[in-house]
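Here the structure is laid out as structure tokens; the discussion comes afterwards.
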Amino acid sequence: MKTLTPEIDSQPEAHQEHDHHQPPKGIMRWLLTTNHKDIGSLYLWFSLIMFFIGGAMAMVIRAELFQPGLQLVDPNFFNQMTTVHGLIMVFGAVMPAFTGLANWLIPMMIGAPDMALPRMNNWSFWILPFAFLILLGSLFMEGGGPSFGWTFYAPLSTTYSNDSTALFVFSVHIMGISSIMGAINVIVTIVNMRAPGMTWMKLPLFVWTWLITAFLLIAVMPVLAGVVTMVLTDKFFGTSFFDAAGGGDPVMFQHIFWFFGHPEVYIMILPSFGIISAIVPAFSRKKLFGYSSMVYATASIAILSFLVWAHHMFTTGMPVFAELFFMYCTMLIAVPTGVKVFNWVATLWRGSITFETPMLFAIAFIILFTIGGFSGLMLAITPADFQYHDTYFVVAHFHYVLVTGAIFSIMAAAYYWLPKWTGHMYDERLGKLHFWCSVISVNVLFFPMHFLGLAGMPRRIPDYAVQFADINQIVSIGGFAFGLSQLIFLAVVLKCIKGGEKAPAKPWEGAEGLEWTIPSPAPYHSFSTPPEVK
Amino acid sequence: MSQTAANKKLVKLLLLGAVAMFGFGFALVPLYDVLCEQLGINGKTNANAAVYEPTVIDTDRLVTIEFISHVQNGMPWEFEPTVTKMQVHPGELIRTSFSAINNGSTHIIGQAVPSVSPGQGAAYFNKTECFCFNKQPLDANSSADLPLIFYVDNALPEHINTLTLSYSLYDITERHLGTALTQGAAR
Ligand code: HEM
Ligand SMILES: [Cu+2]
């Protein structure tokens, strides 16, 4: 990547005369704001709240599984917890966190004054809380909320679900609309608002990965909207898309769902790749190794992600040639993914590395995400998947890629850019404490799940055979510890907003990019006149 | 082009893309059936009566036909083939039947859904008359003989020697009459 040397390092003084542009005070500021930084903060806070709500549900799950037998909750409520935990973490925590980061960072990284469509930006955030109020509210209805798993397979979500399914469908529709609007905004911003001289191959990787993610969102969120609509009409309006008695096919549900679902998992990891590609060079004090190969790898992962969906369905009785096709395509994805991991490691090689909190999270990401990738490869082997499918091995796999992958990268990003957002340095001692508590407990939590799965413990069950008791106890203890550790993160963020050492414009020696050329905290309006990128 | 005009144009394109993908989600439904049929993977048989054209009966070849049946969980019916296994010549028109008994205390409408295994054979199994083309209503405590007339196409690939025809029987009373009526009938 070429060095970004903007001519003008923003002009905070020039804004003094625009005082009427300063935000109104109180709640109206947040309700009506069209400022990308405000909206970014809203998304990030929303995501953090959802992270704690979804986390509380995980604690219920782990408390119930602490011992065999049914002790705390009844099976129906347990199923609601696994379902809503999954939905909240995917659509409420990870995705909004990335959108929040995109809002905060993309305009600053490409030298734009704001997002291209600020009013739509306001809408795409403010419909989200309603979606989740509806979803959470359905838990309090008679008969409870959704209990068919975040994947809402038919006929569980049609024939065997209760009436709150209508609310579930409605809330997924709203989430989908919000994501699509957010994605459109990101694409238009990146395509039309780059500062002069910010050519495609100079874009920071976070911008690149988000651009590709946005295209994935536009391609698959409508398919999700379609499949929930079919569930709705099957359940309430007498159609039979997925009902064999009426000529439909329940296996077709899985095909349509996973056509959305697999690209969706890449939606949740590509922006992480961008974040790690910013942080690793900054703390290695080296240029990122293989910038252009990173761009191409991201694009190939995105394209391949449309060709592998049926690896979630190996046991549905597909013909052998389909099993082989999806097995090989899935394994093929490991190649561009491997390119990325090697590039990060090559960036570390002979760097002068320091281990501030963002770097610690980034390094943990590289190692632990790779473990998740390897278990994914094991699952991709069709005959092996017959054994692993629907066991805790799958749970271990996707928590390694999502918690120590996506969530760790979001944490890394928060630490890395907090000084820019708040104007203060976070408490490094607390940050490191948060990291070490998290990284130890998360492995106690998820690593033994591999063994549970290999030994045959099925996922999504409130009770289990006694031989699994010891490992489940260890897993639950890891779970409680990980949950509690996240309170340290909340403390760090609150403390950093309140005060702390004053952050310079560029607090990290090796950091690169336009966002570090404007003062910390970033002024309400930045790059009103575009910088010159050479 | 000014910035806003450029933005508008791009937004329109992207929205169009999103709407098209919503449509694509629904297009997957017929596409799924077409693909399954073309690749011969889902074992779906003809949904409407085939017309039997008397052709050469391939008396040199014998194909085993097996019949099996499933009844939806909780449905108070007995539903079984009268003959479970037979040998037929390709091209020969065969008549057989399934028997159904409604052991319940209400009028129930059933719907049998056929499937042929191996899937590649489905396209060569032709039904000229089948109870599965219609609904099967049965009064409480009554029975019926459900006829099936079929022939196996001469072009059935050499490597297929056995075709298994399975019927799954579903209770579609509610779907058919609406919930209100069944509740009335139950009373
Ligand atoms: C080398 C890359 C990867 C491979 C080969 C891979 C492979 C697989 C396979 C074969 C399954 C199905 C297992 C089963 O149900 O039996 C699976 C499940 C899953 N994977 Fe991956 N995966 C990879 C990366 C990822 C990434 C990056 C994410 C998300 C960030 C992810 C998220 C998931 C999730 C959420 C599930 C479970 C879905 C469910 O049934 O609830 N995977 N993976
Ligand atoms: Cu997948």
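Numbering starts fresh at 1 for the residues of each chain in the structure tokens, the chains themselves are lettered A, B, ... in the order given, and ligands are numbered from 1 as they appear.
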
Within 7 Å of ligand 2, which residues of chain A come that close, and what is the closest atom pair and distance in Å for each? Count only C-alpha atoms and all ligand atoms and give it as a tab-separated table.
```
residue	atom	partner	partner_atom_place_in_ligand_line	distance
A:Gly261	CA	ligand 2	1 (Cu)	6.8
A:His262	CA	ligand 2	1 (Cu)	4.1
A:Val265	CA	ligand 2	1 (Cu)	6.8
A:Val308	CA	ligand 2	1 (Cu)	6.6
A:Trp309	CA	ligand 2	1 (Cu)	5.6
A:His311	CA	ligand 2	1 (Cu)	6.2
A:His312	CA	ligand 2	1 (Cu)	6.1
```

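Any residue of chain A with an atom within 6 Å of chain B counts; using only C-alpha atoms, that gives Ile218, Ala219, Pro222, Val223, Gly226 and Ala245 of chain A.
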
Write out as a PyMOL selection string which residues come within 7 Å of B:Tyr52 when counting only C-alpha atoms, dropping same-chain ones fewer than 2 positions away.
-> chain B and resi 50+54+128

Residues just named, written with C-alpha atoms as a PDB file, in the first residue's frame:
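This went into part-v2.pdb:
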```
ATOM      1  CA  ALA B  50     -49.771 -39.831 -17.996  1.00  0.00           C
ATOM      2  CA  PRO B  54     -49.450 -49.000 -26.293  1.00  0.00           C
ATOM      3  CA  THR B 128     -51.990 -43.170 -15.770  1.00  0.00           C
TER       4      THR B 128
END
```

Distance query A:Gly149 at most 10 Å, only C-alpha atoms, self and fewer than 5 positions along chain excluded, as a list in words = Asn79, Gln80, Met81, Thr82, Thr83, Val84, His85, Gly86, Leu87, Leu156, Ser157 and Arg460 of chain A

Any chance you could list, as a ChimeraX atom specification, the residues in stretch 54-104 of chain B that come up strand (DSSP E) when DSSP is run on the backbone?
-> /B:63-71,77-81,85-88,94-102

Protein and nucleic acid residues within 6 Å of ligand 1 (only C-alpha atoms and all ligand atoms) as a list in words = Val265, Tyr266, Met268, Ile269, His311, His312, Thr330, Met331, Ile333, Ala334, Gly373, Gly376, Leu377, Leu379, Ala380, Asp385, Tyr388, His389, Asp390, Val394, Phe398, Val401 and Leu402 of chain A

Same residues, N, CA and C atoms, saved as a PDB file, in the first residue's frame:
```
ATOM      1  N   VAL A 265     -22.299 -15.843   6.943  1.00  0.00           N
ATOM      2  CA  VAL A 265     -21.178 -16.024   7.864  1.00  0.00           C
ATOM      3  C   VAL A 265     -19.952 -15.248   7.369  1.00  0.00           C
ATOM      4  N   TYR A 266     -19.833 -15.063   6.059  1.00  0.00           N
ATOM      5  CA  TYR A 266     -18.719 -14.243   5.576  1.00  0.00           C
ATOM      6  C   TYR A 266     -18.982 -12.769   5.766  1.00  0.00           C
ATOM      7  N   MET A 268     -20.081 -11.728   8.356  1.00  0.00           N
ATOM      8  CA  MET A 268     -19.646 -11.513   9.737  1.00  0.00           C
ATOM      9  C   MET A 268     -18.143 -11.664   9.924  1.00  0.00           C
ATOM     10  N   ILE A 269     -17.390 -11.973   8.870  1.00  0.00           N
ATOM     11  CA  ILE A 269     -15.953 -12.118   9.089  1.00  0.00           C
ATOM     12  C   ILE A 269     -15.132 -11.213   8.170  1.00  0.00           C
ATOM     13  N   HIS A 311     -22.859 -27.405   2.354  1.00  0.00           N
ATOM     14  CA  HIS A 311     -22.055 -28.111   3.359  1.00  0.00           C
ATOM     15  C   HIS A 311     -22.757 -28.115   4.716  1.00  0.00           C
ATOM     16  N   HIS A 312     -23.830 -27.335   4.836  1.00  0.00           N
ATOM     17  CA  HIS A 312     -24.642 -27.413   6.054  1.00  0.00           C
ATOM     18  C   HIS A 312     -25.676 -28.527   5.960  1.00  0.00           C
ATOM     19  N   THR A 330     -16.027 -26.089  -0.685  1.00  0.00           N
ATOM     20  CA  THR A 330     -15.800 -25.611   0.676  1.00  0.00           C
ATOM     21  C   THR A 330     -14.312 -25.613   0.995  1.00  0.00           C
ATOM     22  N   MET A 331     -13.652 -26.691   0.613  1.00  0.00           N
ATOM     23  CA  MET A 331     -12.218 -26.764   0.904  1.00  0.00           C
ATOM     24  C   MET A 331     -11.447 -25.699   0.132  1.00  0.00           C
ATOM     25  N   ILE A 333     -12.286 -22.700  -0.341  1.00  0.00           N
ATOM     26  CA  ILE A 333     -12.311 -21.416   0.372  1.00  0.00           C
ATOM     27  C   ILE A 333     -11.133 -21.293   1.322  1.00  0.00           C
ATOM     28  N   ALA A 334     -10.648 -22.443   1.785  1.00  0.00           N
ATOM     29  CA  ALA A 334      -9.529 -22.379   2.714  1.00  0.00           C
ATOM     30  C   ALA A 334      -8.294 -21.767   2.053  1.00  0.00           C
ATOM     31  N   GLY A 373     -11.011 -22.169  11.527  1.00  0.00           N
ATOM     32  CA  GLY A 373     -10.952 -22.533  10.116  1.00  0.00           C
ATOM     33  C   GLY A 373     -10.620 -24.008   9.940  1.00  0.00           C
ATOM     34  N   GLY A 376     -13.501 -26.077  10.660  1.00  0.00           N
ATOM     35  CA  GLY A 376     -14.384 -25.955   9.490  1.00  0.00           C
ATOM     36  C   GLY A 376     -13.966 -26.917   8.394  1.00  0.00           C
ATOM     37  N   LEU A 377     -12.652 -27.022   8.189  1.00  0.00           N
ATOM     38  CA  LEU A 377     -12.174 -27.958   7.173  1.00  0.00           C
ATOM     39  C   LEU A 377     -12.528 -29.396   7.531  1.00  0.00           C
ATOM     40  N   LEU A 379     -15.134 -30.268   9.180  1.00  0.00           N
ATOM     41  CA  LEU A 379     -16.573 -30.402   8.916  1.00  0.00           C
ATOM     42  C   LEU A 379     -16.865 -30.484   7.423  1.00  0.00           C
ATOM     43  N   ALA A 380     -15.955 -29.938   6.625  1.00  0.00           N
ATOM     44  CA  ALA A 380     -16.187 -29.940   5.181  1.00  0.00           C
ATOM     45  C   ALA A 380     -16.017 -31.324   4.577  1.00  0.00           C
ATOM     46  N   ASP A 385     -18.441 -35.332   8.352  1.00  0.00           N
ATOM     47  CA  ASP A 385     -19.528 -34.482   8.825  1.00  0.00           C
ATOM     48  C   ASP A 385     -20.754 -35.282   9.249  1.00  0.00           C
ATOM     49  N   TYR A 388     -20.039 -35.502  12.768  1.00  0.00           N
ATOM     50  CA  TYR A 388     -19.953 -34.259  13.548  1.00  0.00           C
ATOM     51  C   TYR A 388     -21.224 -33.423  13.498  1.00  0.00           C
ATOM     52  N   HIS A 389     -22.016 -33.600  12.438  1.00  0.00           N
ATOM     53  CA  HIS A 389     -23.154 -32.712  12.208  1.00  0.00           C
ATOM     54  C   HIS A 389     -24.087 -32.665  13.408  1.00  0.00           C
ATOM     55  N   ASP A 390     -24.525 -31.449  13.733  1.00  0.00           N
ATOM     56  CA  ASP A 390     -25.466 -31.245  14.848  1.00  0.00           C
ATOM     57  C   ASP A 390     -24.923 -31.722  16.192  1.00  0.00           C
ATOM     58  N   VAL A 394     -19.735 -28.724  15.994  1.00  0.00           N
ATOM     59  CA  VAL A 394     -20.149 -27.601  15.151  1.00  0.00           C
ATOM     60  C   VAL A 394     -20.252 -26.327  15.992  1.00  0.00           C
ATOM     61  N   PHE A 398     -18.144 -22.870  15.146  1.00  0.00           N
ATOM     62  CA  PHE A 398     -18.609 -21.527  14.783  1.00  0.00           C
ATOM     63  C   PHE A 398     -18.401 -20.526  15.900  1.00  0.00           C
ATOM     64  N   VAL A 401     -14.838 -19.197  15.153  1.00  0.00           N
ATOM     65  CA  VAL A 401     -14.772 -18.194  14.083  1.00  0.00           C
ATOM     66  C   VAL A 401     -15.571 -16.937  14.419  1.00  0.00           C
ATOM     67  N   LEU A 402     -16.620 -17.082  15.227  1.00  0.00           N
ATOM     68  CA  LEU A 402     -17.428 -15.891  15.500  1.00  0.00           C
ATOM     69  C   LEU A 402     -17.019 -15.144  16.762  1.00  0.00           C
TER      70      LEU A 402
END
```

Shell of 10 Å around A:Leu454, only C-alpha atoms, local chain residues under 2 positions omitted, as a list in words |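 Answer for this query is Gln387, Tyr388, His389, Thr391, Tyr392, Phe393, Val394, Met449, His450, Phe451, Leu452, Gly456, Met457 and Pro458 of chain A.
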
Which neighbours of stretch 227-239 of chain A fall inside 10 Å, counting only C-alpha atoms, when residues of the same chain fewer than 4 positions from it are skipped, and could you give them as an MDAnalysis selection string?
-> (chainID A and resid 152:155 157:163 165:170 172:173 221:223 243 246:248 253:254 256:257 260) or (chainID B and resid 22 25:26 174:176 178)

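Minimum distance to B:Pro30 across A:Trp30, A:Phe259, A:Phe241, A:Tyr400 (counting only C-alpha atoms) occurs at A:Phe241.
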
What residues in stretch 325-522 of chain A get the DSSP label helix (DSSP H, G or I)? Please answer as JSON, numbers by chain.
-> {"A": [325, 326, 327, 328, 329, 330, 331, 332, 333, 334, 335, 336, 337, 338, 339, 340, 341, 342, 343, 344, 345, 346, 347, 348, 357, 358, 359, 360, 361, 362, 363, 364, 365, 366, 367, 368, 369, 370, 371, 372, 373, 374, 375, 376, 377, 378, 379, 380, 382, 383, 384, 385, 386, 387, 388, 392, 393, 394, 395, 396, 397, 398, 399, 400, 401, 402, 403, 404, 405, 406, 407, 408, 409, 410, 411, 412, 413, 414, 415, 416, 417, 418, 419, 420, 421, 422, 428, 429, 430, 431, 432, 433, 434, 435, 436, 437, 438, 439, 440, 441, 442, 443, 444, 445, 446, 447, 448, 449, 450, 451, 452, 453, 454, 466, 467, 468, 469, 470, 471, 472, 473, 474, 475, 476, 477, 478, 479, 480, 481, 482, 483, 484, 485, 486, 487, 488, 489, 490, 491, 492, 493, 494, 495, 496, 497, 498, 514, 515, 516, 517]}

What's the 7 Å shell around A:Asp114, counting only C-alpha atoms, without same-chain residues fewer than 3 positions away, as a ChimeraX atom specification?
-> /A:35-36,107

Find the residue from B:Asn154, B:Gln38, B:Thr106, B:Ser115 that sits nearest to B:Thr55; use only C-alpha atoms when measuring.
->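 Ranking B:Asn154, B:Gln38, B:Thr106, B:Ser115 by distance to B:Thr55, first place goes to B:Asn154.
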
Using only C-alpha atoms, the residue out of A:Met359, A:Leu445, A:Ala183, A:Ala505 with shortest distance to A:Leu211 is A:Ala183

What is the atom CA of A:Ala362-atom CA of A:Ala412 distance in Å, reported with one decimal?
-> 6.1 Å

Of the listed residues B:Val51, B:Leu93, B:Val88, B:Ala27, that which approaches B:Leu148 most closely, counting only C-alpha atoms =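 So, comparing all the options, the nearest one is B:Leu93.
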